[in-house]
Structures are given as C-alpha cells and as structure tokens.
Amino acid sequence: MALGAGRPTPQRRAVYAAAALVFAFLMLPLVVILPVSFTSADYLAFPPPGFSLRWYRAYFDDPAWIAATLRSLAIAGAVTVLATLLGTLLAFSIVRGRYPGRALASQIATAPLAVPTIVYSVAVYGLFSALKIAGQWQGIALAHTVHALPFVVLIMGAALRTVDPAQEQAAMGLGASRLGAILRITLPQLRPALISSAFLAFISSFDEVVLAMFLGGANVTLPKKMFDNIQMEIEPTVAAVAMLQIALAAIVLALAARFGSGARVLN
C-alpha cells in the first residue's frame, strides 16, 4: 500500500470541515435552550442568573399545557396509523401496479412536499370550512395525514423496490393467497422502512404548527400553544417545553433505530 494512502485528501478534509460547521450551526440553539429551560429568572435570559426546575414544574402543573400536549399526541397517533396504512397501500400500488396513470399517481402522492405549507393550509381551511370540520381535531388529523403521506410513500416505495416480486410469486405457487404472500413474505422484509415511516409520520404531525394555526380553533396543539406563548408572554416555560419536545424526538429516533433495524421472514 502506498505511503499516506490512508490519509484524507484536502478535498475530504474540506467536506469534513463543512459538515462540522453545519452540525455546529444546527446544534447551537441547544446551547442556549437547555440552560434557559433551567433558569431561575422570570423571563428568557442567557446566560441564566441561576438554575431551577420551576419552569418544568410550571409546565406539568398547567392544565392548558397538558391538554395541548395530550391533544397533539392523540392527533399524531391518529396520523401515524392513517398515513402509514394509506402510504403503504399507495406505495404498493405505485411500485407493483401496472395501470395507466401510475406515474401521475406517484407525482400526486408526493405533491405535498412541493407545495408550501402556507398554501396548503389556506386550501385545506377553505375545504374543511365547507365540510364543517375546521376547528375540530379530526380535521387537523386529516390535514396532517396528507402532509405526512409523501414521507411514507417515498420510504416504503424505495424499500419495496428492493424486494424481489418472485418471492411473492413463489409463495402463491405454493398455495398462499396474494394477501397472505404480502403479509408473510413481503411486509416482514419491509419492517425497517415501515417502522421508520410510522415514526416519521408521528414526528411530522407532532411538530407541525402552520396547519394547526389555520385549523385548530379552540383545539390548540402543543406547537400552537408554544407559538401563542411566545406572542403573549415570553416566559421560560416555552424553553422547557422545547427541551421536552427534543427529548421526545430523540426517544422516537432511538425507538426507530432499535425496532426498525434488521428484517426477518416469518415462518
């Protein structure tokens, strides 16, 4: 092996340096939010004059904060089920289907990624107002489902393309039905993508604020409550809630890594 072959090239060092700068830029807010969430002051101040758990206690003792959190969790749970189910079916249709307009269906499924959220929110508000479901949590869940659907379709579609259709055909040749072949042969191999899609749908709904501002009404979600808190009164409770959201996202990612890794075929 040539001398110095294992050393990084200048171009690679530049890539590493750029990646480190981007990572530092993304993580920099944590350096501020974490200490502020434990501040003893009555207002947002950095560096904090002292440390206290009072703002975490204020969050857990406030019924409005807890109600918004539970509402966001319920909506995100419903979105997870709906988006994962519909997105998986749509991915199967796009990847395995043989019908005219399949490419158009794929473009429509991923269209919410290209449409600005504010434009989508205005359109959904007009439709849901006519249907009398604007201001209801069910309306928020439906809007979030459409918003999360492209993530599921893209992830499940990419994973499904790696599965050989001949395995399903072999199972059906041995007497299994088409549905049985999919449930026992294909879906177990798609487990990592399926779990990752579900967690991503959950996070995309739990952290979404623009749709909640248009459709929430009296049903305030946690991100909308945080936005209102910053507008009305700037107190460190919002920093404590932000840290709890970050902790929840970290837990979700850890669960996705733990239960979404590997694949096994059921006997």
# chains A, B, ... in the order shown; residues from 1 in each chain; ligands from 1

call {"tool": "closest_atom_pairs", "arguments": {"of": "region 12-100 of chain A", "to": "region 151-172 of chain A", "cutoff": "10 Å", "atoms": "only C-alpha atoms", "output": "CSV"}}
result
residue,atom,partner,partner_atom,distance
A:Thr80,CA,A:Val152,CA,9.8
A:Ala83,CA,A:Val152,CA,6.9
A:Thr84,CA,A:Val152,CA,6.2
A:Leu85,CA,A:Val152,CA,9.0
A:Leu86,CA,A:Val153,CA,8.6
A:Gly87,CA,A:Val153,CA,4.9
A:Thr88,CA,A:Met156,CA,6.2
A:Leu89,CA,A:Val153,CA,8.6
A:Leu90,CA,A:Val153,CA,6.6
A:Ala91,CA,A:Gly157,CA,4.9
A:Phe92,CA,A:Gly157,CA,7.1
A:Ser93,CA,A:Gly157,CA,9.4
A:Ile94,CA,A:Gly157,CA,7.6
A:Val95,CA,A:Gly157,CA,6.4
A:Arg96,CA,A:Pro165,CA,8.5

call {"tool": "residues_around", "arguments": {"residues": "region 19-30 of chain A", "least_positions_apart": "2", "cutoff": "12 Å", "atoms": "only C-alpha atoms", "output": "MDAnalysis selection string"}}
result
chainID A and resid 12:17 32:37 46 239:240 242:243 246:247

call {"tool": "closest_atom_pairs", "arguments": {"of": "region 195-237 of chain A", "to": "region 125-138 of chain A", "cutoff": "10 Å", "atoms": "only C-alpha atoms", "output": "Markdown table"}}
result
| residue | atom | partner | partner_atom | distance |
| --- | --- | --- | --- | --- |
| A:Leu211 | CA | A:Tyr125 | CA | 8.5 |
| A:Ala212 | CA | A:Gly135 | CA | 9.0 |
| A:Met213 | CA | A:Gly135 | CA | 9.7 |
| A:Phe214 | CA | A:Tyr125 | CA | 6.4 |
| A:Leu215 | CA | A:Gly135 | CA | 5.1 |
| A:Gly216 | CA | A:Gly135 | CA | 4.8 |
| A:Gly217 | CA | A:Gly135 | CA | 4.4 |
| A:Ala218 | CA | A:Gly135 | CA | 6.6 |
| A:Asn219 | CA | A:Trp137 | CA | 6.4 |
| A:Val220 | CA | A:Trp137 | CA | 8.9 |
| A:Thr221 | CA | A:Trp137 | CA | 9.0 |

call {"tool": "write_last_selection", "arguments": {"atoms": "C-alpha atoms", "output": "mmCIF file, in the first residue's frame"}}
result
data_model
loop_
_atom_site.group_PDB
_atom_site.id
_atom_site.type_symbol
_atom_site.label_atom_id
_atom_site.label_comp_id
_atom_site.auth_asym_id
_atom_site.auth_seq_id
_atom_site.Cartn_x
_atom_site.Cartn_y
_atom_site.Cartn_z
ATOM 1 C CA LEU A 211 -51.801 23.761 9.771
ATOM 2 C CA ALA A 212 -52.728 23.863 13.461
ATOM 3 C CA MET A 213 -52.862 27.663 13.332
ATOM 4 C CA PHE A 214 -55.391 27.544 10.487
ATOM 5 C CA LEU A 215 -57.458 24.558 11.579
ATOM 6 C CA GLY A 216 -57.033 24.374 15.344
ATOM 7 C CA GLY A 217 -59.574 26.860 16.615
ATOM 8 C CA ALA A 218 -60.139 26.128 20.281
ATOM 9 C CA ASN A 219 -58.338 22.781 19.897
ATOM 10 C CA VAL A 220 -54.836 24.138 20.471
ATOM 11 C CA THR A 221 -51.975 21.744 19.781
#

call {"tool": "atom_distance", "arguments": {"atom1": "CA of Phe199 (chain A)", "atom2": "CA of Leu253 (chain A)"}}
result
7.6 Å

call {"tool": "residues_around", "arguments": {"residues": "Thr145 (chain A)", "least_positions_apart": "3", "cutoff": "10 Å", "atoms": "only C-alpha atoms", "output": "list in words"}}
result
Ile75, Ala76, Ala78, Val79, Thr80, Val81, Leu82, Ala83, Thr84, Leu86, Gly87, Gly139, Ile140, Ala141, Leu142, Ala148, Leu149, Pro150, Ala201, Phe202, Ser204 and Ser205 of chain A

call {"tool": "write_last_selection", "arguments": {"atoms": "C-alpha atoms", "output": "mmCIF file, in the first residue's frame"}}
result
data_model
loop_
_atom_site.group_PDB
_atom_site.id
_atom_site.type_symbol
_atom_site.label_atom_id
_atom_site.label_comp_id
_atom_site.auth_asym_id
_atom_site.auth_seq_id
_atom_site.Cartn_x
_atom_site.Cartn_y
_atom_site.Cartn_z
ATOM 1 C CA ILE A 75 -53.564 13.701 16.684
ATOM 2 C CA ALA A 76 -50.058 12.413 15.959
ATOM 3 C CA ALA A 78 -54.092 9.015 14.511
ATOM 4 C CA VAL A 79 -51.877 10.454 11.765
ATOM 5 C CA THR A 80 -49.322 7.688 12.315
ATOM 6 C CA VAL A 81 -51.923 4.977 11.756
ATOM 7 C CA LEU A 82 -53.639 6.638 8.803
ATOM 8 C CA ALA A 83 -50.505 7.830 6.991
ATOM 9 C CA THR A 84 -48.676 4.525 7.448
ATOM 10 C CA LEU A 86 -52.571 4.646 3.300
ATOM 11 C CA GLY A 87 -48.952 5.359 2.360
ATOM 12 C CA GLY A 139 -59.744 17.991 10.695
ATOM 13 C CA ILE A 140 -56.210 18.613 11.939
ATOM 14 C CA ALA A 141 -55.519 14.875 11.862
ATOM 15 C CA LEU A 142 -56.744 14.553 8.266
ATOM 16 C CA ALA A 148 -47.159 13.144 6.197
ATOM 17 C CA LEU A 149 -48.256 10.812 3.397
ATOM 18 C CA PRO A 150 -45.391 11.633 0.967
ATOM 19 C CA ALA A 201 -45.244 10.458 10.293
ATOM 20 C CA PHE A 202 -45.636 10.835 14.066
ATOM 21 C CA SER A 204 -44.086 15.406 11.287
ATOM 22 C CA SER A 205 -47.545 15.707 12.842
#

call {"tool": "residues_around", "arguments": {"residues": "region 68-70 of chain A", "least_positions_apart": "3", "cutoff": "7 Å", "atoms": "only C-alpha atoms", "output": "short mmCIF file (atom, residue, chain, number, x, y, z; two decimals) with N, CA and C atoms, in the first residue's frame"}}
result
data_model
loop_
_atom_site.label_atom_id
_atom_site.label_comp_id
_atom_site.auth_asym_id
_atom_site.auth_seq_id
_atom_site.Cartn_x
_atom_site.Cartn_y
_atom_site.Cartn_z
N ALA A 64 -53.58 23.79 30.80
CA ALA A 64 -53.62 24.17 29.39
C ALA A 64 -52.46 23.54 28.62
N TRP A 65 -51.27 23.54 29.21
CA TRP A 65 -50.12 22.92 28.56
C TRP A 65 -50.33 21.41 28.43
N LEU A 73 -50.51 14.58 21.00
CA LEU A 73 -50.18 13.15 20.98
C LEU A 73 -51.30 12.33 20.35
N ALA A 74 -52.55 12.68 20.65
CA ALA A 74 -53.69 11.96 20.06
C ALA A 74 -53.75 12.17 18.55
N VAL A 220 -56.21 23.69 20.62
CA VAL A 220 -54.84 24.14 20.47
C VAL A 220 -53.89 22.94 20.63
N THR A 221 -53.00 22.77 19.66
CA THR A 221 -51.97 21.74 19.78
C THR A 221 -50.77 22.32 20.51
N LEU A 222 -49.82 21.45 20.84
CA LEU A 222 -48.66 21.91 21.60
C LEU A 222 -47.83 22.93 20.83
N LYS A 225 -49.68 26.16 20.96
CA LYS A 225 -49.62 26.71 22.30
C LYS A 225 -48.28 27.40 22.54
#
